[in-house]
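These notes concern the structure reproduced below.
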Amino acid sequence: METRFASLTPELIEKYSVPGPYYTSYPTGRQWTGDFGPEDFRRGLKELLARDPHVPLSLYLHIPFCKRRCRFCFCFAEVTRSREKMDEFLQVLFDEIRLLRGLFDELGAEPNVREIHFGGGSPSYLELDQLRTLIEHLRPLGNVESLDEFTLETDAITVTSDKLLACRDLGINRLSFGIQDFDEQVQRAIGRVQSPELIASLMTPEVRRSFRSINFDLMYGLPLQTRGTFRETIAKVVDLSPARAAIYSYFHMPEMYPNQGPIRSEDLPGTVEKALIFADAAEAFVRNGYEFIGIDHFSRPTDDLTRAKRAGTLLRHFMGYTAGRTPHLIGLGPTSISGFGDCYAHNTYSMDEYRQAVHAGRLPLLRGYRMTGDDKIRWAVISRFLAYMSVEFGEIDERFGIDCQSYFAGELAGLEPFVDDGLVERTDGGFRATDLGVLFARHVCALFDRYAPVDGRAKKNQFVPAIQRSRC
Ligand code: SF4
């Protein structure tokens, strides 16, 4: 059978086997600095609201607690059984919400939050009354009953179908389950055992009807994973029929993430096998009626992401891809990331610093960044390419008053090896990825990244997975 990725050869995989970002922002976090503080955040928000006082906003809240610590995970989270500890954290989070609301009051604006995402950690680990109280505290930021999207990252062992239905009654309308892999051996190797039957038992007909969209997060490159085992996992996933699926890459960095220590590097699939595991999975999703949205996301034709892609409103940001209601995201909670207007801001990793800053009435920022004019042009190209796998320069020329063909003359010359390898085609007004080239989209983006290392090779310790999603 002729397949979409039939021409993916080991030579091509090896040639492009360099670590690098997946561009959920530009520039990536490596350029952000500690010089950016609360006053810069305030100024960025003021400028955004001056452009549009009713600008739609998305909120991300990081809940850093889990019932279990999975070995593959690189999220900021700790295992606890203490309800008091979670309550104490929530009190600080409520204060941070008040700080944000105070900022809007000071700027004379009414926040217009249209989307909320609870991530972590395992926000589904919160008790229902804790979730209810948290949502109550979010009311001053928007009408929580009529949000366009309200997502709960869900660890299956922390919920029942009744709890999920109660979450629906609180206004949550999307679920995202951390699946990773259904193979028992792989699950044992990553310290996260959960059967397909458990997931199936949670996705009752009523649960399916009650949520606008259910997403599965999967992971490739895990220990003991092979093309054969992951094909079986994908077959089980397709049987369960989530509206969306994302397949993230596992990065083995035990020096940064000690919980990865028990994973033996000799159990990890090699570079070529790992790439083929992903290609097989992508192929299987497309064959089963999912649309390849880009990079690592797949969705059913009726899902908001597919509709947004077809309507030309799809956006790339810290949540991966979104249906395009707003590019402006504000993060709350430790380690959360904000990206709005011309600014990026990153909250601290330290719970002590987080607590102290919020108690002192200060946004708990670690670092941030203010985009330059050139950054905005490059992000327009990169984000457009990641969303549509093609770029037509006309609209970017018009928007920024430039001529991309000459502005990016060097970058366009750099595309030639991709053209020679059959990954990119030049068009009259820009360029696009070929069917095979969609697997190499991040490499193409790196050409337009003026901060990327000159030889295109990021050192291993320079790379930090940036997507702001839990892997629950
Ligand atoms: S995958 Fe989810 S449950 Fe596991 S450690 Fe990470 S955040 Fe916690």
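By convention in this document, the chains of the structure tokens carry letters A, B, ... by their order, each chain's residues are numbered from 1, and ligands are numbered from 1 in the order they are shown.
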
Query raised in the report: If you count only C-alpha atoms and all ligand atoms, which residues end up within 10 Å of ligand 1, as a VMD selection string?
Result: chain A and resid 63 to 79 119 to 125 153 to 158 177 to 180 190 to 192 217 259 469 to 472

Could the residues in this selection be saved with N, CA and C atoms as a compact mmCIF listing (two decimals), in the first residue's frame?
```txt
# COMPACT_ATOMS: atom_id res chain seq x y z
N ILE A 63 -2.10 23.67 38.15
CA ILE A 63 -2.35 23.04 39.45
C ILE A 63 -1.25 21.99 39.65
N PRO A 64 -0.28 22.26 40.52
CA PRO A 64 0.95 21.45 40.51
C PRO A 64 0.90 20.21 41.41
N PHE A 65 -0.22 19.49 41.42
CA PHE A 65 -0.31 18.30 42.28
C PHE A 65 -0.77 17.09 41.47
N CYS A 66 -0.25 15.94 41.86
CA CYS A 66 -0.62 14.69 41.19
C CYS A 66 -0.83 13.60 42.23
N LYS A 67 -1.57 12.58 41.80
CA LYS A 67 -1.76 11.41 42.65
C LYS A 67 -0.57 10.46 42.49
N ARG A 68 0.10 10.56 41.33
CA ARG A 68 1.25 9.70 41.06
C ARG A 68 2.28 10.52 40.28
N ARG A 69 3.54 10.07 40.34
CA ARG A 69 4.57 10.76 39.57
C ARG A 69 5.03 9.83 38.47
N CYS A 70 4.68 10.15 37.25
CA CYS A 70 5.03 9.28 36.12
C CYS A 70 6.48 9.55 35.72
N ARG A 71 7.16 8.49 35.32
CA ARG A 71 8.61 8.62 35.08
C ARG A 71 8.93 9.46 33.86
N PHE A 72 8.06 9.49 32.89
CA PHE A 72 8.37 10.19 31.63
C PHE A 72 8.13 11.69 31.74
N CYS A 73 7.42 12.12 32.80
CA CYS A 73 6.82 13.46 32.81
C CYS A 73 7.85 14.56 33.05
N PHE A 74 7.69 15.70 32.36
CA PHE A 74 8.56 16.85 32.62
C PHE A 74 7.74 18.05 33.08
N CYS A 75 6.54 17.77 33.63
CA CYS A 75 5.72 18.87 34.14
C CYS A 75 6.14 19.21 35.57
N PHE A 76 5.92 20.45 35.95
CA PHE A 76 6.20 20.89 37.32
C PHE A 76 5.04 20.42 38.19
N ALA A 77 5.30 19.41 39.01
CA ALA A 77 4.22 18.85 39.82
C ALA A 77 4.81 18.03 40.95
N GLU A 78 4.07 17.90 42.03
CA GLU A 78 4.51 17.03 43.11
C GLU A 78 3.36 16.12 43.54
N VAL A 79 3.76 14.95 44.02
CA VAL A 79 2.75 14.01 44.49
C VAL A 79 2.39 14.38 45.92
N GLY A 119 -4.58 22.99 33.82
CA GLY A 119 -3.53 22.02 33.53
C GLY A 119 -2.66 21.83 34.76
N GLY A 120 -1.58 21.12 34.59
CA GLY A 120 -0.73 20.90 35.76
C GLY A 120 0.43 19.99 35.44
N GLY A 121 0.76 19.05 36.34
CA GLY A 121 -0.04 18.51 37.40
C GLY A 121 -1.34 17.86 36.89
N SER A 122 -2.12 17.50 37.86
CA SER A 122 -3.40 16.86 37.57
C SER A 122 -4.54 17.67 38.19
N PRO A 123 -5.08 18.63 37.47
CA PRO A 123 -6.20 19.39 38.05
C PRO A 123 -7.39 18.51 38.36
N SER A 124 -7.51 17.38 37.65
CA SER A 124 -8.64 16.48 37.93
C SER A 124 -8.50 15.82 39.30
N TYR A 125 -7.31 15.93 39.91
CA TYR A 125 -7.08 15.36 41.23
C TYR A 125 -7.75 16.21 42.32
N GLU A 153 -7.54 19.02 32.21
CA GLU A 153 -6.58 17.93 31.98
C GLU A 153 -6.90 16.84 33.00
N THR A 154 -6.98 15.61 32.54
CA THR A 154 -7.55 14.56 33.37
C THR A 154 -6.64 13.35 33.48
N ASP A 155 -6.30 12.99 34.71
CA ASP A 155 -5.63 11.72 34.96
C ASP A 155 -6.72 10.72 35.30
N ALA A 156 -6.82 9.67 34.51
CA ALA A 156 -7.96 8.75 34.62
C ALA A 156 -8.13 8.16 36.01
N ILE A 157 -7.02 8.00 36.75
CA ILE A 157 -7.16 7.35 38.07
C ILE A 157 -7.69 8.33 39.13
N THR A 158 -7.92 9.58 38.75
CA THR A 158 -8.42 10.55 39.73
C THR A 158 -9.90 10.85 39.55
N PHE A 177 -7.41 13.61 28.27
CA PHE A 177 -6.86 12.48 29.03
C PHE A 177 -5.40 12.24 28.66
N GLY A 178 -4.57 12.03 29.66
CA GLY A 178 -3.20 11.60 29.40
C GLY A 178 -3.20 10.10 29.21
N ILE A 179 -2.93 9.66 28.01
CA ILE A 179 -2.94 8.23 27.71
C ILE A 179 -1.50 7.72 27.57
N GLN A 180 -0.73 8.37 26.77
CA GLN A 180 0.68 8.06 26.45
C GLN A 180 0.81 6.79 25.63
N ILE A 190 7.16 3.26 32.26
CA ILE A 190 7.02 4.71 32.52
C ILE A 190 6.28 4.98 33.83
N GLY A 191 5.95 3.92 34.56
CA GLY A 191 5.31 4.10 35.86
C GLY A 191 3.93 4.70 35.77
N ARG A 192 3.19 4.28 34.76
CA ARG A 192 1.84 4.82 34.61
C ARG A 192 0.96 3.73 34.01
N ASP A 217 -3.82 12.63 24.98
CA ASP A 217 -2.40 12.91 24.80
C ASP A 217 -1.65 11.59 24.76
N ASN A 259 12.83 12.38 38.00
CA ASN A 259 11.83 11.30 37.93
C ASN A 259 12.04 10.40 36.72
N ARG A 469 1.21 22.20 28.60
CA ARG A 469 0.12 21.26 28.82
C ARG A 469 0.64 20.24 29.80
N SER A 470 -0.23 19.75 30.64
CA SER A 470 0.22 18.64 31.46
C SER A 470 0.15 17.39 30.58
N ARG A 471 0.77 16.34 31.03
CA ARG A 471 0.74 15.09 30.26
C ARG A 471 -0.19 14.10 30.96
N CYS A 472 -1.07 14.64 31.80
CA CYS A 472 -1.94 13.75 32.56
C CYS A 472 -2.74 12.84 31.68
```

**Report entry** Selection: 12 Å around range 235-240 of chain A, only C-alpha atoms, excl. self and same-chain fewer than 3 positions, as a VMD selection string
**Finding:** chain A and resid 177 to 183 195 to 205 208 214 to 218 228 to 232 243 to 247 280 to 290 298 to 300

Looking only at alpha helix (DSSP H) from DSSP on the backbone, list the matching residues of range 133-320 of chain A as a tab-separated table (two decimals) with N, CA, C and O atoms, in the first residue's frame.
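As written to disk, states_14.tsv reads:
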```
chain	number	residue	atom	x	y	z
A	133	THR	N	-14.90	25.86	44.06
A	133	THR	CA	-14.44	27.11	44.68
A	133	THR	C	-13.48	27.85	43.74
A	133	THR	O	-13.53	29.07	43.62
A	134	LEU	N	-12.62	27.09	43.08
A	134	LEU	CA	-11.69	27.72	42.14
A	134	LEU	C	-12.46	28.44	41.03
A	134	LEU	O	-12.17	29.60	40.69
A	135	ILE	N	-13.46	27.77	40.51
A	135	ILE	CA	-14.25	28.38	39.42
A	135	ILE	C	-14.98	29.63	39.92
A	135	ILE	O	-15.05	30.65	39.22
A	136	GLU	N	-15.47	29.55	41.17
A	136	GLU	CA	-16.13	30.74	41.75
A	136	GLU	C	-15.17	31.93	41.76
A	136	GLU	O	-15.54	33.06	41.48
A	137	HIS	N	-13.91	31.65	42.11
A	137	HIS	CA	-12.93	32.74	42.19
A	137	HIS	C	-12.56	33.28	40.81
A	137	HIS	O	-11.96	34.35	40.72
A	138	LEU	N	-12.89	32.53	39.76
A	138	LEU	CA	-12.57	33.02	38.41
A	138	LEU	C	-13.68	33.91	37.85
A	138	LEU	O	-13.49	34.57	36.82
A	161	SER	N	-16.81	8.44	36.12
A	161	SER	CA	-17.66	9.10	35.12
A	161	SER	C	-18.62	10.07	35.83
A	161	SER	O	-18.96	11.13	35.29
A	162	ASP	N	-19.02	9.75	37.07
A	162	ASP	CA	-19.89	10.68	37.81
A	162	ASP	C	-19.17	11.99	38.10
A	162	ASP	O	-19.75	13.07	38.00
A	163	LYS	N	-17.89	11.88	38.46
A	163	LYS	CA	-17.13	13.12	38.74
A	163	LYS	C	-17.01	13.95	37.45
A	163	LYS	O	-17.12	15.18	37.48
A	164	LEU	N	-16.80	13.27	36.33
A	164	LEU	CA	-16.70	14.01	35.06
A	164	LEU	C	-18.01	14.74	34.76
A	164	LEU	O	-18.01	15.90	34.32
A	165	LEU	N	-19.13	14.06	35.02
A	165	LEU	CA	-20.43	14.72	34.75
A	165	LEU	C	-20.64	15.90	35.70
A	165	LEU	O	-21.21	16.93	35.31
A	166	ALA	N	-20.14	15.75	36.93
A	166	ALA	CA	-20.24	16.88	37.87
A	166	ALA	C	-19.36	18.04	37.38
A	166	ALA	O	-19.72	19.21	37.55
A	167	CYS	N	-18.23	17.72	36.77
A	167	CYS	CA	-17.37	18.77	36.21
A	167	CYS	C	-18.10	19.49	35.08
A	167	CYS	O	-18.01	20.71	34.93
A	168	ARG	N	-18.81	18.71	34.29
A	168	ARG	CA	-19.63	19.34	33.23
A	168	ARG	C	-20.60	20.34	33.84
A	168	ARG	O	-20.79	21.45	33.33
A	169	ASP	N	-21.21	19.96	34.96
A	169	ASP	CA	-22.18	20.85	35.60
A	169	ASP	C	-21.52	22.13	36.12
A	169	ASP	O	-22.19	23.13	36.35
A	184	GLU	N	1.15	-2.62	27.97
A	184	GLU	CA	1.39	-2.85	29.41
A	184	GLU	C	2.85	-2.73	29.80
A	184	GLU	O	3.19	-2.17	30.84
A	185	GLN	N	3.73	-3.26	28.93
A	185	GLN	CA	5.18	-3.21	29.24
A	185	GLN	C	5.66	-1.76	29.26
A	185	GLN	O	6.42	-1.36	30.14
A	186	VAL	N	5.20	-0.99	28.27
A	186	VAL	CA	5.60	0.42	28.20
A	186	VAL	C	5.04	1.15	29.43
A	186	VAL	O	5.74	1.93	30.08
A	187	GLN	N	3.79	0.86	29.75
A	187	GLN	CA	3.17	1.52	30.90
A	187	GLN	C	3.95	1.24	32.19
A	187	GLN	O	4.16	2.12	33.01
A	188	ARG	N	4.40	-0.01	32.33
A	188	ARG	CA	5.17	-0.32	33.54
A	188	ARG	C	6.50	0.42	33.53
A	188	ARG	O	6.95	0.94	34.54
A	189	ALA	N	7.12	0.51	32.34
A	189	ALA	CA	8.43	1.18	32.25
A	189	ALA	C	8.32	2.67	32.55
A	189	ALA	O	9.27	3.28	33.03
A	190	ILE	N	7.16	3.26	32.26
A	190	ILE	CA	7.02	4.71	32.52
A	190	ILE	C	6.28	4.98	33.83
A	190	ILE	O	6.00	6.13	34.18
A	196	PRO	N	-6.91	0.32	28.73
A	196	PRO	CA	-7.89	0.91	27.81
A	196	PRO	C	-9.30	0.75	28.37
A	196	PRO	O	-10.16	1.60	28.15
A	197	GLU	N	-9.51	-0.35	29.12
A	197	GLU	CA	-10.85	-0.59	29.69
A	197	GLU	C	-11.22	0.51	30.69
A	197	GLU	O	-12.37	0.93	30.77
A	198	LEU	N	-10.20	0.98	31.46
A	198	LEU	CA	-10.48	2.06	32.42
A	198	LEU	C	-10.94	3.31	31.66
A	198	LEU	O	-11.94	3.95	32.03
A	199	ILE	N	-10.21	3.63	30.59
A	199	ILE	CA	-10.57	4.84	29.82
A	199	ILE	C	-11.96	4.65	29.21
A	199	ILE	O	-12.81	5.55	29.26
A	200	ALA	N	-12.20	3.45	28.66
A	200	ALA	CA	-13.51	3.18	28.04
A	200	ALA	C	-14.62	3.32	29.07
A	200	ALA	O	-15.70	3.85	28.77
A	201	SER	N	-14.35	2.87	30.31
A	201	SER	CA	-15.41	2.93	31.33
A	201	SER	C	-15.74	4.38	31.72
A	201	SER	O	-16.83	4.67	32.18
A	202	LEU	N	-14.75	5.27	31.54
A	202	LEU	CA	-15.01	6.69	31.85
A	202	LEU	C	-15.75	7.39	30.72
A	202	LEU	O	-16.52	8.33	30.94
A	205	PRO	N	-21.53	6.87	27.19
A	205	PRO	CA	-22.27	7.67	26.21
A	205	PRO	C	-22.64	9.05	26.76
A	205	PRO	O	-22.56	10.06	26.06
A	206	GLU	N	-23.01	9.10	28.05
A	206	GLU	CA	-23.40	10.40	28.61
A	206	GLU	C	-22.20	11.35	28.71
A	206	GLU	O	-22.32	12.55	28.43
A	207	VAL	N	-21.04	10.80	29.09
A	207	VAL	CA	-19.84	11.64	29.15
A	207	VAL	C	-19.51	12.14	27.74
A	207	VAL	O	-19.23	13.32	27.53
A	208	ARG	N	-19.58	11.26	26.76
A	208	ARG	CA	-19.27	11.68	25.38
A	208	ARG	C	-20.21	12.79	24.94
A	208	ARG	O	-19.80	13.75	24.29
A	209	ARG	N	-21.50	12.64	25.29
A	209	ARG	CA	-22.48	13.66	24.88
A	209	ARG	C	-22.27	14.98	25.62
A	209	ARG	O	-22.58	16.05	25.12
A	210	SER	N	-21.73	14.89	26.83
A	210	SER	CA	-21.67	16.06	27.71
A	210	SER	C	-20.51	17.00	27.42
A	210	SER	O	-20.52	18.14	27.86
A	227	ARG	N	7.50	0.08	16.85
A	227	ARG	CA	6.48	0.41	15.84
A	227	ARG	C	5.28	-0.51	16.03
A	227	ARG	O	4.13	-0.09	15.94
A	228	GLY	N	5.57	-1.78	16.33
A	228	GLY	CA	4.48	-2.75	16.48
A	228	GLY	C	3.60	-2.44	17.68
A	228	GLY	O	2.37	-2.42	17.58
A	229	THR	N	4.24	-2.15	18.83
A	229	THR	CA	3.41	-1.91	20.03
A	229	THR	C	2.61	-0.62	19.88
A	229	THR	O	1.45	-0.54	20.29
A	230	PHE	N	3.23	0.40	19.26
A	230	PHE	CA	2.50	1.67	19.17
A	230	PHE	C	1.38	1.60	18.13
A	230	PHE	O	0.35	2.25	18.28
A	231	ARG	N	1.57	0.76	17.11
A	231	ARG	CA	0.47	0.56	16.15
A	231	ARG	C	-0.75	0.01	16.88
A	231	ARG	O	-1.89	0.41	16.63
A	232	GLU	N	-0.48	-0.93	17.80
A	232	GLU	CA	-1.61	-1.50	18.56
A	232	GLU	C	-2.24	-0.45	19.46
A	232	GLU	O	-3.47	-0.40	19.61
A	233	THR	N	-1.40	0.38	20.07
A	233	THR	CA	-1.95	1.47	20.89
A	233	THR	C	-2.85	2.37	20.06
A	233	THR	O	-3.97	2.71	20.47
A	234	ILE	N	-2.37	2.75	18.88
A	234	ILE	CA	-3.17	3.66	18.05
A	234	ILE	C	-4.49	2.99	17.64
A	234	ILE	O	-5.54	3.64	17.61
A	235	ALA	N	-4.43	1.69	17.37
A	235	ALA	CA	-5.68	0.99	17.01
A	235	ALA	C	-6.68	1.08	18.17
A	235	ALA	O	-7.88	1.31	17.96
A	236	LYS	N	-6.18	0.93	19.40
A	236	LYS	CA	-7.09	1.03	20.56
A	236	LYS	C	-7.60	2.46	20.73
A	236	LYS	O	-8.76	2.68	21.09
A	237	VAL	N	-6.72	3.42	20.47
A	237	VAL	CA	-7.14	4.82	20.56
A	237	VAL	C	-8.24	5.10	19.54
A	237	VAL	O	-9.27	5.70	19.86
A	238	VAL	N	-8.02	4.64	18.32
A	238	VAL	CA	-9.02	4.88	17.26
A	238	VAL	C	-10.35	4.24	17.64
A	238	VAL	O	-11.42	4.81	17.42
A	239	ASP	N	-10.29	3.06	18.27
A	239	ASP	CA	-11.53	2.41	18.73
A	239	ASP	C	-12.27	3.28	19.74
A	239	ASP	O	-13.49	3.33	19.76
A	240	LEU	N	-11.50	3.94	20.61
A	240	LEU	CA	-12.13	4.79	21.63
A	240	LEU	C	-12.60	6.12	21.05
A	240	LEU	O	-13.40	6.83	21.66
A	271	THR	N	16.88	6.61	17.04
A	271	THR	CA	16.39	7.78	16.30
A	271	THR	C	15.45	7.40	15.15
A	271	THR	O	14.38	7.98	14.99
A	272	VAL	N	15.87	6.41	14.36
A	272	VAL	CA	15.08	6.05	13.19
A	272	VAL	C	13.77	5.38	13.62
A	272	VAL	O	12.69	5.74	13.15
A	273	GLU	N	13.88	4.43	14.56
A	273	GLU	CA	12.68	3.75	15.04
A	273	GLU	C	11.69	4.77	15.62
A	273	GLU	O	10.49	4.72	15.35
A	274	LYS	N	12.22	5.71	16.39
A	274	LYS	CA	11.35	6.70	17.03
A	274	LYS	C	10.59	7.51	15.98
A	274	LYS	O	9.38	7.71	16.08
A	275	ALA	N	11.31	7.96	14.95
A	275	ALA	CA	10.65	8.76	13.90
A	275	ALA	C	9.60	7.92	13.17
A	275	ALA	O	8.51	8.41	12.83
A	276	LEU	N	9.91	6.64	12.95
A	276	LEU	CA	8.95	5.79	12.24
A	276	LEU	C	7.73	5.47	13.11
A	276	LEU	O	6.62	5.30	12.60
A	277	ILE	N	7.95	5.41	14.42
A	277	ILE	CA	6.81	5.20	15.34
A	277	ILE	C	5.81	6.35	15.15
A	277	ILE	O	4.60	6.15	15.02
A	278	PHE	N	6.35	7.58	15.09
A	278	PHE	CA	5.46	8.73	14.90
A	278	PHE	C	4.81	8.69	13.52
A	278	PHE	O	3.60	8.91	13.38
A	279	ALA	N	5.62	8.42	12.49
A	279	ALA	CA	5.08	8.43	11.12
A	279	ALA	C	3.97	7.39	10.98
A	279	ALA	O	2.92	7.66	10.37
A	280	ASP	N	4.17	6.20	11.55
A	280	ASP	CA	3.13	5.16	11.49
A	280	ASP	C	1.84	5.66	12.15
A	280	ASP	O	0.73	5.44	11.65
A	281	ALA	N	2.02	6.30	13.32
A	281	ALA	CA	0.84	6.76	14.07
A	281	ALA	C	0.10	7.84	13.28
A	281	ALA	O	-1.13	7.82	13.18
A	282	ALA	N	0.87	8.76	12.70
A	282	ALA	CA	0.25	9.84	11.91
A	282	ALA	C	-0.53	9.23	10.74
A	282	ALA	O	-1.67	9.62	10.46
A	283	GLU	N	0.12	8.28	10.09
A	283	GLU	CA	-0.51	7.58	8.96
A	283	GLU	C	-1.83	6.94	9.40
A	283	GLU	O	-2.86	7.04	8.73
A	284	ALA	N	-1.79	6.27	10.56
A	284	ALA	CA	-2.97	5.55	11.04
A	284	ALA	C	-4.10	6.52	11.37
A	284	ALA	O	-5.27	6.26	11.06
A	285	PHE	N	-3.77	7.65	11.98
A	285	PHE	CA	-4.82	8.62	12.29
A	285	PHE	C	-5.48	9.13	11.01
A	285	PHE	O	-6.70	9.21	10.91
A	286	VAL	N	-4.64	9.47	10.03
A	286	VAL	CA	-5.19	10.02	8.78
A	286	VAL	C	-6.06	8.96	8.09
A	286	VAL	O	-7.16	9.25	7.60
A	287	ARG	N	-5.55	7.72	8.09
A	287	ARG	CA	-6.30	6.63	7.45
A	287	ARG	C	-7.66	6.42	8.12
A	287	ARG	O	-8.62	6.01	7.51
A	304	ASP	N	-13.50	21.30	16.61
A	304	ASP	CA	-13.21	22.74	16.42
A	304	ASP	C	-11.87	22.99	15.73
A	304	ASP	O	-11.72	23.93	14.96
A	305	LEU	N	-10.87	22.15	16.05
A	305	LEU	CA	-9.54	22.38	15.46
A	305	LEU	C	-9.58	22.19	13.95
A	305	LEU	O	-9.00	22.99	13.20
A	306	THR	N	-10.26	21.13	13.50
A	306	THR	CA	-10.34	20.89	12.06
A	306	THR	C	-11.12	22.02	11.39
A	306	THR	O	-10.73	22.53	10.34
A	307	ARG	N	-12.21	22.40	12.04
A	307	ARG	CA	-13.02	23.49	11.46
A	307	ARG	C	-12.19	24.76	11.35
A	307	ARG	O	-12.25	25.48	10.35
A	308	ALA	N	-11.42	25.04	12.42
A	308	ALA	CA	-10.61	26.27	12.42
A	308	ALA	C	-9.56	26.20	11.32
A	308	ALA	O	-9.30	27.19	10.63
A	309	LYS	N	-8.97	25.02	11.14
A	309	LYS	CA	-7.95	24.90	10.08
A	309	LYS	C	-8.59	25.17	8.72
A	309	LYS	O	-8.03	25.88	7.89
A	310	ARG	N	-9.77	24.60	8.52
A	310	ARG	CA	-10.43	24.79	7.22
A	310	ARG	C	-10.90	26.23	7.02
A	310	ARG	O	-10.94	26.73	5.91
A	311	ALA	N	-11.26	26.87	8.15
A	311	ALA	CA	-11.75	28.26	8.05
A	311	ALA	C	-10.61	29.27	8.03
A	311	ALA	O	-10.82	30.46	7.86
```

I'd like the contact shell of range 87-97 of chain A - 8 Å cut-off, only C-alpha atoms, skipping same-chain residues fewer than 4 positions apart - returned as a tab-separated table (two decimals) with N, CA and C atoms, in the first residue's frame.
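Resulting contents of result-v4.tsv:
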```tsv
chain	number	residue	atom	x	y	z
A	83	ARG	N	-4.85	17.07	51.41
A	83	ARG	CA	-5.85	18.03	50.96
A	83	ARG	C	-5.51	19.43	51.49
A	101	ARG	N	-7.12	40.55	38.47
A	101	ARG	CA	-8.35	41.35	38.37
A	101	ARG	C	-8.05	42.81	38.75
A	130	GLN	N	-13.28	21.69	45.66
A	130	GLN	CA	-12.13	22.56	45.39
A	130	GLN	C	-12.24	23.15	43.98
A	134	LEU	N	-12.62	27.09	43.08
A	134	LEU	CA	-11.69	27.72	42.14
A	134	LEU	C	-12.46	28.44	41.03
A	137	HIS	N	-13.91	31.65	42.11
A	137	HIS	CA	-12.93	32.74	42.19
A	137	HIS	C	-12.56	33.28	40.81
A	138	LEU	N	-12.89	32.53	39.76
A	138	LEU	CA	-12.57	33.02	38.41
A	138	LEU	C	-13.68	33.91	37.85
A	332	LEU	N	-1.66	31.51	35.06
A	332	LEU	CA	-1.69	31.70	36.51
A	332	LEU	C	-1.19	30.42	37.17
A	333	GLY	N	-0.52	30.59	38.32
A	333	GLY	CA	0.03	29.42	38.99
A	333	GLY	C	1.51	29.29	38.68
A	355	ARG	N	4.67	31.93	46.37
A	355	ARG	CA	3.87	32.33	47.53
A	355	ARG	C	4.27	33.73	48.01
A	358	VAL	N	3.19	36.58	45.56
A	358	VAL	CA	1.74	36.84	45.56
A	358	VAL	C	1.33	37.49	46.88
A	359	HIS	N	1.89	37.00	48.00
A	359	HIS	CA	1.55	37.61	49.29
A	359	HIS	C	2.00	39.07	49.37
A	363	LEU	N	3.14	40.20	40.90
A	363	LEU	CA	3.00	39.06	39.99
A	363	LEU	C	4.25	38.18	40.14
```

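Proximity of A:Tyr369, A:Phe36, A:Phe292, A:Tyr321 to Tyr344 in chain A, computed with only C-alpha atoms, is greatest for A:Tyr369.
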
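Here CA of His317 in chain A and CA of Ser25 in chain A stand 6.2 Å from one another.
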
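Each of A:Asp105, A:His117, A:Ile337, A:Gly20 was checked against Thr322 in chain A using only C-alpha atoms; the smallest atom-to-atom distance is that of A:His117.
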
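Taking CA of Leu412 in chain A and CA of Tyr16 in chain A as endpoints, the distance between them is 18.0 Å.
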